[in-house]
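Chemist: Sending over work-v2.csv (CSV, C-alpha atoms).
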chain,number,residue,atom,x,y,z
A,741,ASP,CA,0.0,12.6,3.3
A,742,ALA,CA,2.1,9.5,3.2
A,743,MET,CA,1.9,7.6,6.5
A,744,VAL,CA,4.6,5.0,5.8
A,745,ILE,CA,7.5,6.3,3.9
A,746,GLN,CA,10.3,4.2,2.4
A,747,ASN,CA,13.6,5.5,1.1
A,748,PRO,CA,14.9,5.2,-1.5
A,749,ARG,CA,12.3,4.2,-4.0
A,750,TYR,CA,14.9,2.6,-6.2
A,751,GLN,CA,18.3,1.3,-5.0
A,752,VAL,CA,21.0,-0.2,-7.1
A,753,THR,CA,23.8,-1.9,-5.3
A,754,GLN,CA,26.8,-4.0,-6.2
A,755,PHE,CA,27.0,-7.7,-5.6
A,756,GLY,CA,28.3,-8.1,-2.0
A,757,LYS,CA,28.1,-4.5,-1.1
A,758,PRO,CA,26.1,-3.8,2.1
A,759,VAL,CA,22.9,-1.8,1.6
A,760,THR,CA,20.4,-0.3,4.0
A,761,LEU,CA,16.8,0.5,3.3
A,762,SER,CA,14.8,2.8,5.5
A,763,CYS,CA,11.2,3.1,6.6
A,764,SER,CA,9.5,5.7,8.7
A,765,GLN,CA,5.9,6.0,9.9
A,766,THR,CA,3.7,8.7,11.3
A,767,LEU,CA,1.0,6.4,12.6
A,768,ASN,CA,2.6,5.5,15.9
A,769,HIS,CA,1.9,1.9,15.3
A,770,ASN,CA,3.5,-0.6,17.6
A,771,VAL,CA,4.3,-3.2,14.9
A,772,MET,CA,6.5,-2.7,11.9
A,773,TYR,CA,7.2,-5.3,9.2
A,774,TRP,CA,9.6,-6.0,6.4
A,775,TYR,CA,8.4,-8.0,3.4
A,776,GLN,CA,10.3,-9.2,0.3
A,777,GLN,CA,8.3,-9.4,-2.9
A,778,LYS,CA,9.6,-11.0,-6.0
A,779,SER,CA,8.0,-10.7,-9.4
A,780,SER,CA,4.5,-12.2,-9.6
A,781,GLN,CA,4.7,-13.5,-6.0
A,782,ALA,CA,3.0,-12.7,-2.8
A,783,PRO,CA,4.9,-10.6,-0.2
A,784,LYS,CA,7.1,-12.8,2.0
A,785,LEU,CA,7.5,-11.7,5.6
A,786,LEU,CA,11.2,-11.4,6.6
A,787,PHE,CA,10.7,-10.2,10.1
A,788,HIS,CA,8.7,-7.8,12.3
A,789,TYR,CA,9.0,-5.8,15.4
A,790,TYR,CA,6.4,-5.6,18.1
A,791,ASP,CA,7.5,-2.5,19.9
A,792,LYS,CA,11.2,-3.4,20.5
A,793,ASP,CA,10.7,-7.1,20.3
A,794,PHE,CA,12.3,-8.5,17.2
A,795,ASN,CA,10.6,-11.5,15.5
A,796,ASN,CA,12.6,-13.2,12.8
A,797,GLU,CA,11.0,-15.7,10.4
A,798,ALA,CA,12.6,-19.1,10.5
A,799,ASP,CA,13.5,-19.0,6.8
A,800,THR,CA,14.9,-15.5,6.6
A,801,PRO,CA,18.5,-15.7,5.6
A,802,ASP,CA,21.2,-14.4,8.1
A,803,ASN,CA,22.2,-12.0,5.4
A,804,PHE,CA,19.2,-9.9,6.3
A,805,GLN,CA,19.2,-7.9,9.5
A,806,SER,CA,17.0,-5.2,10.9
A,807,ARG,CA,17.1,-2.3,13.4
A,808,ARG,CA,14.3,-0.3,15.0
A,809,PRO,CA,15.9,2.5,17.0
A,810,ASN,CA,12.5,4.1,17.9
A,811,THR,CA,8.8,3.7,17.2
A,812,SER,CA,8.9,5.7,14.0
A,813,PHE,CA,11.9,4.2,12.2
A,814,CYS,CA,12.9,0.8,11.0
A,815,PHE,CA,15.9,-0.3,8.8
A,816,LEU,CA,16.6,-3.3,6.7
A,817,ASP,CA,20.3,-4.1,6.3
A,818,ILE,CA,21.4,-6.6,3.7
A,819,ARG,CA,25.0,-7.5,4.6
A,820,SER,CA,26.1,-9.0,1.3
A,821,PRO,CA,23.5,-8.7,-1.4
A,822,GLY,CA,23.4,-11.5,-3.9
A,823,LEU,CA,21.6,-11.5,-7.3
A,824,GLY,CA,18.8,-13.5,-5.7
A,825,ASP,CA,18.1,-10.6,-3.3
A,826,ALA,CA,16.9,-8.4,-6.1
A,827,ALA,CA,13.3,-7.7,-5.3
A,828,MET,CA,10.8,-5.1,-4.1
A,829,TYR,CA,11.1,-4.6,-0.3
A,830,LEU,CA,7.9,-3.4,1.4
A,831,CYS,CA,7.7,-1.9,4.8
A,832,ALA,CA,4.4,-2.0,6.7
A,833,THR,CA,2.9,-1.0,10.0
A,834,SER,CA,0.0,-2.1,12.0
A,835,ARG,CA,-1.4,-1.8,15.5
A,836,TYR,CA,-1.7,-4.8,17.7
A,837,ALA,CA,-4.2,-4.8,20.4
A,838,ARG,CA,-6.3,-7.8,21.0
A,839,GLY,CA,-9.8,-7.3,19.7
A,840,ARG,CA,-8.7,-4.2,17.9
A,841,ASN,CA,-6.1,-5.2,15.5
A,842,THR,CA,-5.7,-3.0,12.4
A,843,GLU,CA,-4.9,-3.6,8.9
A,844,ALA,CA,-1.3,-3.2,7.7
A,845,PHE,CA,-0.4,0.0,6.0
A,846,PHE,CA,2.3,-0.3,3.4
A,847,GLY,CA,4.9,2.1,2.1
A,848,GLN,CA,5.5,2.5,-1.6
A,849,GLY,CA,8.4,0.0,-1.5
A,850,THR,CA,12.0,0.1,-2.4
A,851,ARG,CA,13.0,-1.8,-5.6
A,852,LEU,CA,16.4,-3.2,-5.1
A,853,THR,CA,18.6,-4.1,-8.1
A,854,VAL,CA,21.8,-6.0,-7.6
A,855,VAL,CA,24.5,-5.7,-10.3
B,1030,ALA,CA,-1.9,-23.6,10.7
B,1031,GLN,CA,-3.2,-20.5,8.9
B,1032,LYS,CA,-3.5,-20.4,5.1
B,1033,VAL,CA,-5.1,-18.3,2.4
B,1034,THR,CA,-5.9,-19.6,-1.0
B,1035,GLN,CA,-6.6,-17.6,-4.1
B,1036,ALA,CA,-7.1,-20.2,-6.7
B,1037,GLN,CA,-7.5,-17.7,-9.6
B,1038,THR,CA,-4.0,-16.7,-10.8
B,1039,GLU,CA,-5.0,-14.5,-13.6
B,1040,ILE,CA,-8.4,-13.1,-14.8
B,1041,SER,CA,-9.2,-11.0,-17.8
B,1042,VAL,CA,-12.5,-9.3,-18.3
B,1043,VAL,CA,-13.8,-6.7,-20.8
B,1044,GLU,CA,-14.5,-3.3,-19.4
B,1045,LYS,CA,-18.0,-3.0,-17.7
B,1046,GLU,CA,-18.2,-6.7,-17.0
B,1047,ASP,CA,-18.6,-7.8,-13.4
B,1048,VAL,CA,-15.8,-9.9,-11.9
B,1049,THR,CA,-15.5,-11.9,-8.6
B,1050,LEU,CA,-12.2,-12.7,-7.0
B,1051,ASP,CA,-12.2,-15.7,-4.7
B,1052,CYS,CA,-10.5,-16.1,-1.4
B,1053,VAL,CA,-10.6,-19.2,0.9
B,1054,TYR,CA,-8.9,-19.2,4.2
B,1055,GLU,CA,-8.0,-21.8,6.9
B,1056,THR,CA,-7.7,-21.2,10.6
B,1057,ARG,CA,-8.7,-22.8,13.9
B,1058,ASP,CA,-8.8,-19.5,15.7
B,1059,THR,CA,-12.3,-18.2,16.5
B,1060,THR,CA,-11.3,-14.5,16.3
B,1061,TYR,CA,-9.5,-13.3,13.2
B,1062,TYR,CA,-9.5,-10.6,10.6
B,1063,LEU,CA,-9.6,-10.8,6.8
B,1064,PHE,CA,-8.4,-8.2,4.4
B,1065,TRP,CA,-8.2,-7.3,0.7
B,1066,TYR,CA,-5.4,-5.3,-0.8
B,1067,LYS,CA,-4.9,-3.9,-4.3
B,1068,GLN,CA,-1.4,-3.7,-5.8
B,1069,PRO,CA,-1.3,-1.6,-9.0
B,1070,PRO,CA,1.8,-1.6,-11.2
B,1071,SER,CA,3.4,1.1,-9.1
B,1072,GLY,CA,3.9,-1.6,-6.4
B,1073,GLU,CA,2.3,-0.1,-3.3
B,1074,LEU,CA,-0.2,-2.4,-1.5
B,1075,VAL,CA,-3.4,-0.4,-1.0
B,1076,PHE,CA,-5.7,-1.5,1.7
B,1077,LEU,CA,-9.3,-2.0,0.5
B,1078,ILE,CA,-11.3,-3.6,3.4
B,1079,ARG,CA,-11.1,-5.3,6.7
B,1080,ARG,CA,-13.6,-7.8,8.0
B,1081,ASN,CA,-13.7,-9.2,11.6
B,1082,SER,CA,-14.6,-12.8,12.1
B,1083,PHE,CA,-17.6,-12.0,14.3
B,1084,ASP,CA,-19.1,-9.7,11.7
B,1085,GLU,CA,-20.5,-11.6,8.7
B,1086,GLN,CA,-22.3,-8.6,7.3
B,1087,ASN,CA,-21.6,-8.1,3.6
B,1088,GLU,CA,-20.3,-4.8,2.5
B,1089,ILE,CA,-20.7,-2.6,-0.5
B,1090,SER,CA,-18.5,0.4,-1.3
B,1091,GLY,CA,-19.3,1.9,-4.7
B,1092,ARG,CA,-18.5,-0.7,-7.3
B,1093,TYR,CA,-16.8,-2.9,-4.8
B,1094,SER,CA,-18.6,-5.5,-2.7
B,1095,TRP,CA,-17.4,-8.3,-0.3
B,1096,ASN,CA,-19.2,-11.5,0.6
B,1097,PHE,CA,-17.9,-13.1,3.8
B,1098,GLN,CA,-19.2,-16.6,4.6
B,1099,LYS,CA,-17.8,-18.3,7.7
B,1100,SER,CA,-19.6,-21.6,6.8
B,1101,THR,CA,-17.5,-21.9,3.7
B,1102,SER,CA,-14.4,-20.0,5.0
B,1103,SER,CA,-14.6,-17.7,2.1
B,1104,PHE,CA,-14.2,-13.9,1.6
B,1105,ASN,CA,-14.9,-13.1,-2.0
B,1106,PHE,CA,-14.6,-9.7,-3.7
B,1107,THR,CA,-16.7,-8.5,-6.5
B,1108,ILE,CA,-16.1,-5.5,-8.8
B,1109,THR,CA,-19.2,-4.4,-10.6
B,1110,ALA,CA,-18.9,-2.7,-14.0
B,1111,SER,CA,-15.1,-3.1,-14.1
B,1112,GLN,CA,-12.9,-0.3,-15.4
B,1113,VAL,CA,-9.4,-0.3,-16.8
B,1114,VAL,CA,-8.1,1.4,-13.6
B,1115,ASP,CA,-9.1,-1.8,-11.7
B,1116,SER,CA,-6.3,-3.7,-13.4
B,1117,ALA,CA,-4.0,-4.7,-10.6
B,1118,VAL,CA,-3.0,-7.7,-8.5
B,1119,TYR,CA,-5.4,-8.3,-5.6
B,1120,PHE,CA,-4.3,-10.0,-2.4
B,1121,CYS,CA,-6.5,-11.5,0.3
B,1122,ALA,CA,-4.9,-11.7,3.7
B,1123,LEU,CA,-5.7,-13.2,7.2
B,1124,ARG,CA,-4.6,-12.1,10.6
B,1125,MET,CA,-5.3,-13.7,14.0
B,1126,ASP,CA,-6.4,-11.7,16.9
B,1127,THR,CA,-3.6,-13.3,18.9
B,1128,GLY,CA,-0.7,-12.3,16.6
B,1129,ASN,CA,0.9,-9.8,14.4
B,1130,GLN,CA,1.5,-11.8,11.2
B,1131,PHE,CA,-0.5,-11.3,8.0
B,1132,TYR,CA,-0.9,-14.4,5.9
B,1133,PHE,CA,-1.2,-13.5,2.3
B,1134,GLY,CA,-2.7,-15.5,-0.6
B,1135,THR,CA,-0.7,-15.7,-3.8
B,1136,GLY,CA,-2.8,-13.0,-5.4
B,1137,THR,CA,-5.0,-12.7,-8.4
B,1138,SER,CA,-3.9,-10.6,-11.4
B,1139,LEU,CA,-6.9,-8.8,-12.9
B,1140,THR,CA,-6.7,-7.3,-16.4
B,1141,VAL,CA,-9.6,-5.2,-17.6
B,1142,ILE,CA,-9.6,-4.8,-21.3
B,1143,PRO,CA,-10.9,-1.6,-22.8
Go ahead and render the structure in this file as structure tokens.

Modeler:
Amino acid sequence: DAMVIQNPRYQVTQFGKPVTLSCSQTLNHNVMYWYQQKSSQAPKLLFHYYDKDFNNEADTPDNFQSRRPNTSFCFLDIRSPGLGDAAMYLCATSRYARGRNTEAFFGQGTRLTVV
Amino acid sequence: AQKVTQAQTEISVVEKEDVTLDCVYETRDTTYYLFWYKQPPSGELVFLIRRNSFDEQNEISGRYSWNFQKSTSSFNFTITASQVVDSAVYFCALRMDTGNQFYFGTGTSLTVIP
């Protein structure tokens, strides 16, 4: 059974039209991440939550926002998508506990197309 | 600062050959974790292995084996008798015991030719 679920798998949005990607987890992990991955590149961390604490990467554009209403769900909002935001968006979870950190578990990703 | 380097961008091998993917990392922390992930064309990152910094024992799982050497800051991954299904991009990653971030290398694209 899938443990990190992303919806939708494919999303087409218009230039400038707000879009929301969703992620849910059944692992009860305290950390959730959003990564952006462009073709032939490594995943790039946009931000992550440690419980309710939001941690934004310094180079993440203001156009990207996130919400985590509870442990299980996390959303990525792109307020005004540009052509350069077309990418695969990966949600991941992990447990943080010093001395017992886990690996990250990834969802299947949402491939975003901007037209 | 933390950094992961995968110097091999692309590798092609013929089926049944052995192949080693290199990973070199940098950190000043004494406790950290190393990982390998596989990303097939479908896009999902699949976890393969985790290694703790205090455990230098090498590991073998079927056709996969991992060689962790702290002295050279390397965590290399070997596939024995490669198969077409092994074709994917492989990422090495690093995580500190004190933090939540995963530092990914740039990945190695492996193509296994039938």

Chemist: Hey, what's within 9 Å of Phe815 in chain A if we count all atoms listed in the file and toss same-chain stuff fewer than 4 positions away? As number ranges by chain, please?

Modeler: A: 760-764, 774, 805-809

Chemist: Report as a tab-separated table the residues of range 763-817 of chain A within 12 Å of range 1074-1083 of chain B, each with its shortest atom pair and distance in Å (one decimal), using all atoms listed in the file, ordered by chain and increasing residue number.

Modeler:
residue	atom	partner	partner_atom	distance
A:Tyr775	CA	B:Leu1074	CA	11.4
A:Gln777	CA	B:Leu1074	CA	11.1
A:Ala782	CA	B:Leu1074	CA	10.9
A:Pro783	CA	B:Leu1074	CA	9.7

Chemist: Tell me the residues of chain A close to chain B, meaning within 6 Å using all atoms listed in the file, as a VMD selection string.

Modeler: chain A and resid 782 838 846 848

Chemist: Can you tell me which residues surround range 1108-1111 of chain B at a distance of at most 12 Å, considering all atoms listed in the file, apart from same-chain residues fewer than 4 positions away, and format the answer as a PyMOL selection string?

Modeler: chain B and resi 1041-1051+1089-1096+1115-1117+1119+1139-1143

Chemist: Taking 3 positions as the minimum chain separation for residues in the same chain, which residues sit within 10 Å of Asn795 in chain A when counting only C-alpha atoms? Answer as a PyMOL selection string.

Modeler: (chain A and resi 773+786-790+792+798) or (chain B and resi 1129)
